[in-house]
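With CSV, C-alpha atoms inside, this is start_15.csv:
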chain,number,residue,atom,x,y,z
A,20,MET,CA,120.0,88.2,118.2
A,21,LYS,CA,119.5,87.8,114.5
A,22,ARG,CA,122.6,87.9,112.3
A,23,PRO,CA,123.0,88.0,108.6
A,24,PRO,CA,124.1,84.9,106.7
A,25,MET,CA,127.9,84.2,106.7
A,26,LEU,CA,128.2,82.6,103.3
A,27,MET,CA,126.2,82.4,100.2
A,28,HIS,CA,126.7,79.6,97.7
A,29,VAL,CA,125.6,80.3,94.2
A,30,LYS,CA,126.0,77.7,91.5
A,31,ILE,CA,124.7,78.2,88.0
A,32,ARG,CA,125.3,75.7,85.2
A,33,GLY,CA,124.1,76.2,81.6
A,34,GLU,CA,124.2,73.9,78.6
A,35,ARG,CA,127.8,74.7,77.8
A,36,ARG,CA,129.3,76.3,80.9
A,37,GLY,CA,128.6,77.1,84.4
A,38,PHE,CA,130.2,78.5,87.6
A,39,GLY,CA,130.0,78.1,91.3
A,40,LEU,CA,130.7,80.8,93.8
A,41,TRP,CA,131.0,80.9,97.5
A,42,LEU,CA,130.3,84.5,98.6
A,43,PRO,CA,131.8,85.4,101.9
A,44,ILE,CA,129.1,87.7,103.1
A,45,PHE,CA,130.8,88.1,106.5
A,46,LEU,CA,133.7,89.8,104.5
A,47,LEU,CA,131.3,92.0,102.5
A,48,LEU,CA,129.4,93.3,105.5
A,49,PRO,CA,132.3,95.5,106.8
A,50,LEU,CA,132.6,96.8,103.2
A,51,ALA,CA,128.8,97.5,103.1
A,52,LEU,CA,129.2,99.3,106.5
A,53,ALA,CA,132.0,101.5,105.1
A,54,VAL,CA,129.9,102.4,102.1
A,55,PHE,CA,126.9,103.1,104.4
A,56,ILE,CA,129.1,105.5,106.4
A,57,ILE,CA,130.3,107.2,103.3
A,58,VAL,CA,126.8,107.6,101.9
A,59,SER,CA,125.2,108.5,105.3
A,60,PRO,CA,125.5,112.3,104.8
A,61,LEU,CA,123.5,111.9,101.6
A,62,ILE,CA,120.9,109.8,103.4
A,63,LEU,CA,120.7,112.4,106.1
A,64,ILE,CA,120.1,115.1,103.6
A,65,ALA,CA,117.4,112.9,101.9
A,66,ILE,CA,115.7,112.4,105.3
A,67,LEU,CA,115.8,116.1,106.0
A,68,VAL,CA,114.3,116.9,102.6
A,69,PHE,CA,111.5,114.3,103.0
A,70,TRP,CA,110.9,115.3,106.7
A,71,PRO,CA,108.0,117.7,106.0
A,72,ARG,CA,106.3,115.1,103.8
A,73,GLY,CA,106.2,112.6,106.6
A,74,TRP,CA,108.6,110.2,104.9
A,75,ARG,CA,111.2,110.3,107.7
A,76,LYS,CA,109.6,107.5,109.7
A,77,ARG,CA,109.1,105.4,106.5
A,78,ALA,CA,112.8,105.9,105.4
A,79,LEU,CA,114.0,104.8,108.8
A,80,HIS,CA,111.8,101.8,108.8
A,81,VAL,CA,113.1,100.8,105.3
A,82,PHE,CA,116.6,100.5,106.7
A,83,GLY,CA,115.4,98.3,109.6
A,84,ALA,CA,113.3,96.2,107.2
A,85,VAL,CA,116.2,95.7,104.7
A,86,PHE,CA,118.5,94.6,107.5
A,87,GLU,CA,115.9,92.3,109.0
A,88,GLY,CA,115.3,90.8,105.5
A,89,LEU,CA,119.0,90.2,105.1
A,90,CYS,CA,119.2,88.5,108.5
A,91,SER,CA,116.2,86.4,107.7
A,92,MET,CA,117.9,84.9,104.6
A,93,ARG,CA,119.8,82.4,106.7
A,94,GLY,CA,118.7,78.9,105.6
A,95,LEU,CA,117.3,80.0,102.3
A,96,LYS,CA,117.8,77.4,99.6
A,97,VAL,CA,116.8,77.4,96.0
A,98,ASP,CA,117.7,74.3,94.0
A,99,ILE,CA,116.5,74.0,90.4
A,100,GLN,CA,117.8,71.1,88.4
A,101,GLY,CA,117.0,70.7,84.8
A,102,ASP,CA,118.3,68.4,82.1
A,103,HIS,CA,120.8,71.0,80.8
A,104,HIS,CA,120.8,73.6,83.5
A,105,CYS,CA,121.1,74.0,87.2
A,106,ILE,CA,120.6,76.9,89.6
A,107,TYR,CA,121.5,76.5,93.2
A,108,ILE,CA,121.5,79.3,95.7
A,109,SER,CA,122.0,78.7,99.4
A,110,ALA,CA,122.5,81.1,102.3
A,111,VAL,CA,124.3,79.7,105.3
B,22,MET,CA,112.2,54.0,118.1
B,23,ASP,CA,115.8,53.6,117.3
B,24,GLU,CA,114.8,50.6,115.2
B,25,ASN,CA,112.5,52.8,113.2
B,26,LYS,CA,115.2,55.4,112.6
B,27,LYS,CA,117.5,52.6,111.5
B,28,ARG,CA,114.9,51.3,109.0
B,29,VAL,CA,114.4,54.9,107.6
B,30,LEU,CA,118.2,55.2,107.1
B,31,GLU,CA,118.4,51.8,105.5
B,32,MET,CA,115.6,52.8,103.1
B,33,LEU,CA,117.5,55.9,102.2
B,34,ALA,CA,120.7,53.9,101.7
B,35,GLN,CA,118.8,51.6,99.3
B,36,ASN,CA,117.5,54.6,97.4
B,37,LYS,CA,113.9,53.6,98.2
B,38,ILE,CA,113.2,57.1,99.6
B,39,SER,CA,114.7,60.5,98.9
B,40,ALA,CA,116.7,62.5,101.4
B,41,ASP,CA,113.7,64.8,101.9
B,42,GLU,CA,111.4,62.0,102.7
B,43,ALA,CA,113.9,60.5,105.1
B,44,TYR,CA,114.3,63.8,106.8
B,45,ARG,CA,110.5,64.1,107.2
B,46,LEU,CA,110.2,60.6,108.5
B,47,LEU,CA,112.9,61.1,111.0
B,48,SER,CA,111.3,64.4,112.1
B,49,ALA,CA,108.0,62.7,112.5
B,50,LEU,CA,109.6,59.9,114.6
B,51,GLU,CA,111.3,62.5,116.8
B,52,SER,CA,108.1,64.4,117.4
B,53,GLU,CA,106.5,61.0,118.3
B,54,VAL,CA,109.2,60.5,120.9
B,55,GLY,CA,108.6,64.0,122.2
B,56,ALA,CA,104.9,63.2,122.6
B,57,THR,CA,105.5,60.0,124.5
B,58,GLU,CA,108.0,61.8,126.8
B,59,GLY,CA,105.4,64.5,127.5
B,60,THR,CA,107.0,67.3,125.6
B,61,PRO,CA,104.7,69.7,123.8
B,62,LYS,CA,103.9,68.9,120.1
B,63,ALA,CA,101.8,70.3,117.3
B,64,GLY,CA,98.1,70.3,118.1
B,65,THR,CA,98.5,69.8,121.8
B,66,GLY,CA,98.9,73.0,123.7
B,67,GLU,CA,102.1,74.7,122.8
B,68,LYS,CA,102.8,74.4,119.0
B,69,MET,CA,106.2,73.5,117.5
B,70,LYS,CA,107.6,76.5,115.8
B,71,SER,CA,107.9,75.9,112.0
B,72,LYS,CA,111.1,77.3,110.5
B,73,TYR,CA,110.9,76.7,106.8
B,74,LEU,CA,108.4,76.7,103.9
B,75,ARG,CA,109.3,74.0,101.5
B,76,VAL,CA,108.3,73.6,97.9
B,77,CYS,CA,109.4,70.5,96.1
B,78,ILE,CA,108.6,69.7,92.5
B,79,VAL,CA,109.7,66.3,91.2
B,80,PRO,CA,109.1,65.6,87.5
B,81,GLY,CA,107.7,62.2,86.3
B,82,SER,CA,110.1,59.3,85.9
B,83,GLU,CA,112.0,59.3,82.6
B,84,HIS,CA,111.0,55.8,81.4
B,85,GLU,CA,107.3,56.3,82.2
B,86,HIS,CA,106.6,59.9,81.2
B,87,GLY,CA,109.6,61.2,79.4
B,88,GLY,CA,111.0,62.9,82.5
B,89,LYS,CA,110.4,66.4,81.3
B,90,GLY,CA,110.6,69.3,83.6
B,91,ASP,CA,112.8,70.7,86.2
B,92,ARG,CA,113.4,69.3,89.7
B,93,VAL,CA,112.7,72.2,92.1
B,94,ASN,CA,113.6,72.2,95.8
B,95,VAL,CA,113.0,75.5,97.5
B,96,ARG,CA,113.4,76.2,101.2
B,97,VAL,CA,112.3,79.6,102.4
B,98,PRO,CA,112.8,80.6,106.1
B,99,MET,CA,109.6,81.7,107.7
B,100,ALA,CA,111.4,84.7,109.1
B,101,LEU,CA,112.0,85.8,105.5
B,102,ILE,CA,108.3,85.5,104.7
B,103,ARG,CA,107.5,87.5,107.9
B,104,SER,CA,110.0,90.3,107.1
B,105,GLY,CA,108.7,90.3,103.5
B,106,MET,CA,105.2,90.8,104.8
B,107,LYS,CA,106.4,93.7,106.9
B,108,PHE,CA,107.5,95.4,103.7
B,109,THR,CA,103.8,95.9,102.7
B,110,SER,CA,103.5,98.3,105.6
B,111,LEU,CA,106.3,100.4,104.1
B,112,LEU,CA,104.5,100.9,100.9
B,113,PRO,CA,103.4,104.5,100.4
B,114,PRO,CA,99.6,105.0,100.7
B,115,GLU,CA,99.3,105.9,96.9
B,116,ALA,CA,101.1,102.7,95.9
B,117,ARG,CA,99.0,100.7,98.3
B,118,ASP,CA,95.8,102.1,96.8
B,119,LYS,CA,97.0,101.2,93.3
B,120,VAL,CA,97.8,97.6,94.4
B,121,VAL,CA,94.4,97.2,96.1
B,122,GLY,CA,92.7,98.6,93.0
B,123,ALA,CA,94.7,96.2,90.7
B,124,LEU,CA,93.8,93.3,92.9
B,125,ARG,CA,90.1,94.3,92.9
B,126,GLU,CA,90.2,94.5,89.1
B,127,LYS,CA,91.4,90.9,89.0
B,128,GLY,CA,88.5,89.9,91.3
B,129,ILE,CA,90.5,89.6,94.5
B,130,ASP,CA,88.9,91.6,97.2
B,131,PHE,CA,91.9,91.9,99.5
B,132,ASP,CA,92.8,95.1,101.2
B,133,MET,CA,96.3,95.0,102.5
B,134,ARG,CA,95.7,98.2,104.5
B,135,ASN,CA,93.8,96.1,106.9
B,136,LEU,CA,96.7,93.7,107.4
B,137,LYS,CA,98.0,94.1,110.9
B,138,PRO,CA,101.1,92.6,112.5
B,139,GLU,CA,99.0,90.3,114.7
B,140,ASP,CA,97.1,89.1,111.6
B,141,MET,CA,100.4,88.2,110.0
B,142,ASP,CA,101.5,86.2,113.0
B,143,GLU,CA,98.1,84.4,112.9
B,144,LEU,CA,98.5,83.7,109.2
B,145,LEU,CA,102.0,82.4,109.6
B,146,GLU,CA,100.9,80.2,112.5
B,147,ALA,CA,98.2,78.8,110.4
B,148,LEU,CA,100.7,78.1,107.6
B,149,SER,CA,102.4,75.6,109.9
B,150,GLU,CA,99.5,73.2,109.2
B,151,LEU,CA,99.7,73.7,105.5
B,152,GLU,CA,100.5,70.7,103.4
B,153,VAL,CA,99.8,70.5,99.6
B,154,ASP,CA,100.5,67.3,97.8
B,155,VAL,CA,99.7,67.3,94.1
B,156,ALA,CA,100.4,64.4,91.7
B,157,GLY,CA,100.1,65.4,88.1
B,158,SER,CA,99.0,63.3,85.2
B,159,ASP,CA,102.5,63.4,83.7
B,160,GLY,CA,103.8,61.8,86.9
B,161,GLU,CA,105.2,65.0,88.4
B,162,THR,CA,104.5,65.7,92.1
B,163,VAL,CA,104.3,69.1,93.7
B,164,LYS,CA,104.7,69.3,97.5
B,165,VAL,CA,104.3,72.4,99.6
B,166,PHE,CA,104.7,72.0,103.3
B,167,VAL,CA,106.1,73.7,106.4
B,168,GLU,CA,108.8,72.1,108.6

Before we go any further, please render this structure as structure tokens.
Amino acid sequence: MKRPPMLMHVKIRGERRGFGLWLPIFLLLPLALAVFIIVSPLILIAILVFWPRGWRKRALHVFGAVFEGLCSMRGLKVDIQGDHHCIYISAV
Amino acid sequence: MDENKKRVLEMLAQNKISADEAYRLLSALESEVGATEGTPKAGTGEKMKSKYLRVCIVPGSEHEHGGKGDRVNVRVPMALIRSGMKFTSLLPPEARDKVVGALREKGIDFDMRNLKPEDMDELLEALSELEVDVAGSDGETVKVFVE
């Protein structure tokens, strides 16, 4: 089963200053779930509103695709090293 | 084979090759071992499943070409490309028509409405044999490959 990345490492360094960040996504997921539960009545209303227009199926697919996209991010690495700047993003 | 692996690691330790090159050499050696042991390998029956699309850009060396440019190393999971392609099917028909029209204006006759999931799988499978290796006049090298 696919699971979302556990950690995301973001490191950005400019000419003068920079920062590095380890984002514990596994801690943010329960928070996102809580937000989703809170917002779910609004989502339900939106689905009901768009039902006659045939958007219901598409809206449900969007949730699935977003979650799948998040899960697929495991192993993503972007590393750009310049003379005076550096951008590093990695999903573990 | 162990002797070859040791030689690759020695070359890495002596900075004769980069970590990426060492990884590729070791992977190639491992697939060679798999072939001799009768395990399936690329091009013979069952294909090895590629996991990542890699894009590496290395600027020219500083003393020869000034060393201008950024060093780029991007690794994109194939699953992310696959799920990104699935997003095209979620585009509303009106938006899809606009995209197709804009592409046609640019001279690209590509209709994404005809893109089916089985076509995507075929496309991604074909990507596993992709290898682009460009050496620029300023000494920079661009490599795109799947591993």

Expressed in Å to a single decimal, how great is the separation between atom CA of Ile66 of chain A and atom CA of Asp132 of chain B?
29.0 Å

Using all atoms listed in the file, which of B:Asn25, B:Asp91, B:Leu46, B:Asp140 sits nearest His104 of chain A?
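Once distances to His104 of chain A are computed over all atoms listed in the file, the minimum belongs to B:Asp91.
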
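Residues lying within 7 Å of Leu95 of chain A, counting only C-alpha atoms and ignoring same-chain neighbours fewer than 6 positions away, are Ser109 and Ala110 of chain A; Arg96, Val97 and Pro98 of chain B.
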
Dump as a ChimeraX atom specification the residues of chain A that approach chain B to within 7 Å, counting all atoms listed in the file.
/A:77,81,84,87-88,91-92,94-101

Atom pair atom CA of Met27 of chain A + atom CA of Trp41 of chain A, distance 5.7 Å

If you count all atoms listed in the file, which residues fall within 8 Å of Gly39 of chain A, apart from same-chain ones fewer than 5 positions away, as a list in words?
His28, Val29, Lys30 and Ile31 of chain A

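In this comparison, which uses all atoms listed in the file, the residue of A:Leu26, A:Leu42, A:Leu79, A:Cys105 approaching Ile62 of chain A most closely is A:Leu79.
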